[in-house]
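Okay, coords_11.txt is below, compact mmCIF, N, CA and C atoms:
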# COMPACT_ATOMS: atom_id res chain seq x y z
N MET B 1 100.47 92.92 116.39
CA MET B 1 100.55 93.71 115.19
C MET B 1 99.16 93.77 114.55
N HIS B 2 98.75 94.94 114.13
CA HIS B 2 97.44 95.11 113.54
C HIS B 2 97.38 94.50 112.14
N VAL B 3 96.21 94.04 111.78
CA VAL B 3 96.01 93.45 110.46
C VAL B 3 96.21 94.52 109.39
N GLN B 4 95.76 95.74 109.64
CA GLN B 4 95.94 96.83 108.68
C GLN B 4 97.41 97.04 108.36
N PHE B 5 98.24 97.01 109.37
CA PHE B 5 99.68 97.21 109.19
C PHE B 5 100.26 96.12 108.29
N VAL B 6 99.88 94.89 108.54
CA VAL B 6 100.39 93.76 107.76
C VAL B 6 99.94 93.87 106.30
N VAL B 7 98.71 94.25 106.09
CA VAL B 7 98.18 94.38 104.71
C VAL B 7 98.89 95.51 103.98
N ILE B 8 99.15 96.62 104.66
CA ILE B 8 99.85 97.75 104.03
C ILE B 8 101.28 97.35 103.68
N ILE B 9 101.96 96.65 104.56
CA ILE B 9 103.32 96.18 104.26
C ILE B 9 103.31 95.22 103.08
N ALA B 10 102.31 94.35 103.02
CA ALA B 10 102.21 93.41 101.89
C ALA B 10 101.99 94.17 100.58
N ALA B 11 101.17 95.21 100.61
CA ALA B 11 100.94 96.01 99.40
C ALA B 11 102.21 96.75 98.99
N LEU B 12 102.96 97.24 99.97
CA LEU B 12 104.23 97.90 99.66
C LEU B 12 105.21 96.92 99.02
N LEU B 13 105.29 95.72 99.58
CA LEU B 13 106.19 94.71 99.02
C LEU B 13 105.76 94.31 97.61
N LEU B 14 104.45 94.22 97.39
CA LEU B 14 103.95 93.91 96.05
C LEU B 14 104.38 94.99 95.06
N THR B 15 104.29 96.24 95.46
CA THR B 15 104.72 97.34 94.60
C THR B 15 106.20 97.23 94.26
N VAL B 16 107.01 96.94 95.26
CA VAL B 16 108.46 96.82 95.04
C VAL B 16 108.77 95.65 94.10
N VAL B 17 108.09 94.53 94.30
CA VAL B 17 108.34 93.35 93.45
C VAL B 17 107.95 93.63 92.00
N VAL B 18 106.80 94.25 91.79
CA VAL B 18 106.37 94.55 90.42
C VAL B 18 107.31 95.55 89.77
N MET B 19 107.78 96.54 90.55
CA MET B 19 108.72 97.52 90.00
C MET B 19 110.03 96.84 89.63
N ALA B 20 110.50 95.92 90.47
CA ALA B 20 111.74 95.21 90.17
C ALA B 20 111.59 94.34 88.92
N LEU B 21 110.45 93.70 88.77
CA LEU B 21 110.21 92.90 87.57
C LEU B 21 110.20 93.78 86.32
N GLY B 22 109.62 94.97 86.43
CA GLY B 22 109.62 95.90 85.31
C GLY B 22 111.03 96.34 84.94
N LEU B 23 111.84 96.61 85.95
CA LEU B 23 113.23 97.00 85.68
C LEU B 23 114.01 95.85 85.04
N LEU B 24 113.78 94.64 85.53
CA LEU B 24 114.46 93.48 84.95
C LEU B 24 114.05 93.25 83.50
N SER B 25 112.77 93.46 83.20
CA SER B 25 112.33 93.26 81.82
C SER B 25 112.91 94.34 80.90
N MET B 26 113.10 95.55 81.43
CA MET B 26 113.71 96.60 80.60
C MET B 26 115.18 96.32 80.34
N THR B 27 115.88 95.76 81.32
CA THR B 27 117.29 95.46 81.09
C THR B 27 117.48 94.33 80.09
N GLY B 28 116.49 93.44 79.99
CA GLY B 28 116.56 92.35 79.02
C GLY B 28 116.39 92.86 77.60
N GLY B 29 115.58 93.88 77.43
CA GLY B 29 115.35 94.46 76.12
C GLY B 29 114.66 93.50 75.16
N GLY B 30 114.62 93.88 73.93
CA GLY B 30 114.07 93.02 72.88
C GLY B 30 112.59 92.73 73.05
N THR B 31 112.21 91.52 72.67
CA THR B 31 110.79 91.14 72.69
C THR B 31 110.28 91.00 74.12
N THR B 32 111.15 90.65 75.05
CA THR B 32 110.72 90.54 76.45
C THR B 32 110.25 91.89 76.96
N ASP B 33 111.00 92.92 76.68
CA ASP B 33 110.63 94.26 77.12
C ASP B 33 109.37 94.73 76.40
N ASP B 34 109.29 94.47 75.11
CA ASP B 34 108.12 94.90 74.33
C ASP B 34 106.84 94.26 74.86
N ALA B 35 106.91 92.98 75.20
CA ALA B 35 105.70 92.26 75.63
C ALA B 35 105.33 92.55 77.08
N ALA B 36 106.31 92.79 77.94
CA ALA B 36 106.03 92.86 79.37
C ALA B 36 106.00 94.27 79.94
N SER B 37 106.54 95.26 79.26
CA SER B 37 106.69 96.57 79.89
C SER B 37 105.35 97.23 80.20
N THR B 38 104.43 97.22 79.27
CA THR B 38 103.14 97.89 79.51
C THR B 38 102.31 97.18 80.58
N PRO B 39 102.15 95.85 80.52
CA PRO B 39 101.39 95.20 81.61
C PRO B 39 102.04 95.37 82.98
N LEU B 40 103.37 95.33 83.03
CA LEU B 40 104.03 95.51 84.32
C LEU B 40 103.88 96.95 84.82
N MET B 41 103.88 97.92 83.90
CA MET B 41 103.69 99.30 84.31
C MET B 41 102.29 99.47 84.92
N TRP B 42 101.27 98.89 84.28
CA TRP B 42 99.91 99.01 84.81
C TRP B 42 99.76 98.25 86.13
N ALA B 43 100.46 97.12 86.26
CA ALA B 43 100.43 96.39 87.53
C ALA B 43 101.06 97.22 88.64
N ARG B 44 102.16 97.92 88.32
CA ARG B 44 102.80 98.78 89.30
C ARG B 44 101.90 99.93 89.70
N VAL B 45 101.25 100.55 88.73
CA VAL B 45 100.34 101.66 89.02
C VAL B 45 99.18 101.16 89.90
N GLY B 46 98.67 99.99 89.60
CA GLY B 46 97.59 99.42 90.41
C GLY B 46 98.05 99.11 91.83
N ALA B 47 99.24 98.56 91.96
CA ALA B 47 99.77 98.24 93.29
C ALA B 47 100.02 99.52 94.09
N GLN B 48 100.51 100.55 93.43
CA GLN B 48 100.72 101.83 94.12
C GLN B 48 99.39 102.44 94.54
N ALA B 49 98.40 102.37 93.67
CA ALA B 49 97.07 102.91 94.02
C ALA B 49 96.48 102.15 95.20
N LEU B 50 96.64 100.83 95.21
CA LEU B 50 96.15 100.03 96.33
C LEU B 50 96.86 100.42 97.62
N THR B 51 98.15 100.59 97.56
CA THR B 51 98.92 100.97 98.74
C THR B 51 98.47 102.33 99.28
N ILE B 52 98.31 103.29 98.39
CA ILE B 52 97.86 104.63 98.81
C ILE B 52 96.45 104.57 99.39
N LEU B 53 95.57 103.80 98.76
CA LEU B 53 94.20 103.66 99.27
C LEU B 53 94.21 103.05 100.67
N LEU B 54 95.00 102.02 100.87
CA LEU B 54 95.09 101.39 102.19
C LEU B 54 95.64 102.35 103.24
N LEU B 55 96.63 103.16 102.85
CA LEU B 55 97.18 104.15 103.77
C LEU B 55 96.15 105.20 104.14
N VAL B 56 95.38 105.66 103.16
CA VAL B 56 94.33 106.66 103.43
C VAL B 56 93.26 106.07 104.35
N ILE B 57 92.87 104.84 104.09
CA ILE B 57 91.87 104.20 104.95
C ILE B 57 92.41 104.07 106.37
N ALA B 58 93.67 103.69 106.51
CA ALA B 58 94.26 103.54 107.85
C ALA B 58 94.31 104.88 108.57
N ILE B 59 94.64 105.93 107.85
CA ILE B 59 94.72 107.26 108.49
C ILE B 59 93.33 107.75 108.88
N LEU B 60 92.36 107.56 108.00
CA LEU B 60 91.00 108.04 108.30
C LEU B 60 90.29 107.22 109.36
N SER B 61 90.71 105.98 109.56
CA SER B 61 90.04 105.13 110.54
C SER B 61 90.55 105.36 111.96
N ARG B 62 91.54 106.19 112.13
CA ARG B 62 92.07 106.48 113.47
C ARG B 62 91.21 107.43 114.22
Represent the supplied structure as structure tokens.
Amino acid sequence: MHVQFVVIIAALLLTVVVMALGLLSMTGGGTTDDAASTPLMWARVGAQALTILLLVIAILSR
């Protein structure tokens, strides 16, 4: 298995985990949601950007 493939899968899993944490914080509501929603949203956006960047690099390196 290529290292690139493993890193891309890890980035995808990171995105899913951060998204799930964001959903869990929203279901909790109250102060938990107020404190965690924005940082988790930015973490998700960053993880998605990393995943897309890794995919583009993998496609261009072929």
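Nearest-residue note for Thr15 of chain B: choosing from B:Gly28, B:Ile57, B:Arg44, B:Asp33, the minimum distance belongs to B:Arg44, counting only N, CA and C atoms.
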Using atom CA of Thr31 of chain B and atom N of Leu50 of chain B as the two end points, give the distance in Å to one decimal. 28.3 Å
What separation in Å, quoted to one decimal, exists between atom N of Met26 of chain B and atom CA of Leu14 of chain B? 17.3 Å
Closest to Val45 of chain B among B:Leu23, B:Ala58, B:Val18, B:Ile9, using only C-alpha atoms? B:Val18
note - atom C of Ile8 of chain B and atom CA of Ala49 of chain B are separated by 11.9 Å
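Taking only C-alpha atoms into account, Ile52 of chain B lies nearest to B:Ala11 out of the set B:Thr32, B:Ala11, B:Leu40, B:His2.
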Test item: residues at most 12 Å from Met19 of chain B, only C-alpha atoms, excluding those fewer than 2 positions along its chain, as a ChimeraX atom specification: /B:12-17,21-26,36-48
Produce the centre coordinates and the three edge lengths, each in Å to one decimal, of the box along x, y and z that contains all listed atoms of segment 10-27 of chain B with 3 Å added on each side, as AutoDock Vina command-line options.
--center_x 109.2 --center_y 95.4 --center_z 91.6 --size_x 22.5 --size_y 11.0 --size_z 28.9
Using only C-alpha atoms, the residue out of B:Leu54, B:Ala35, B:Leu60, B:Ala20 with shortest distance to Phe5 of chain B is B:Leu54
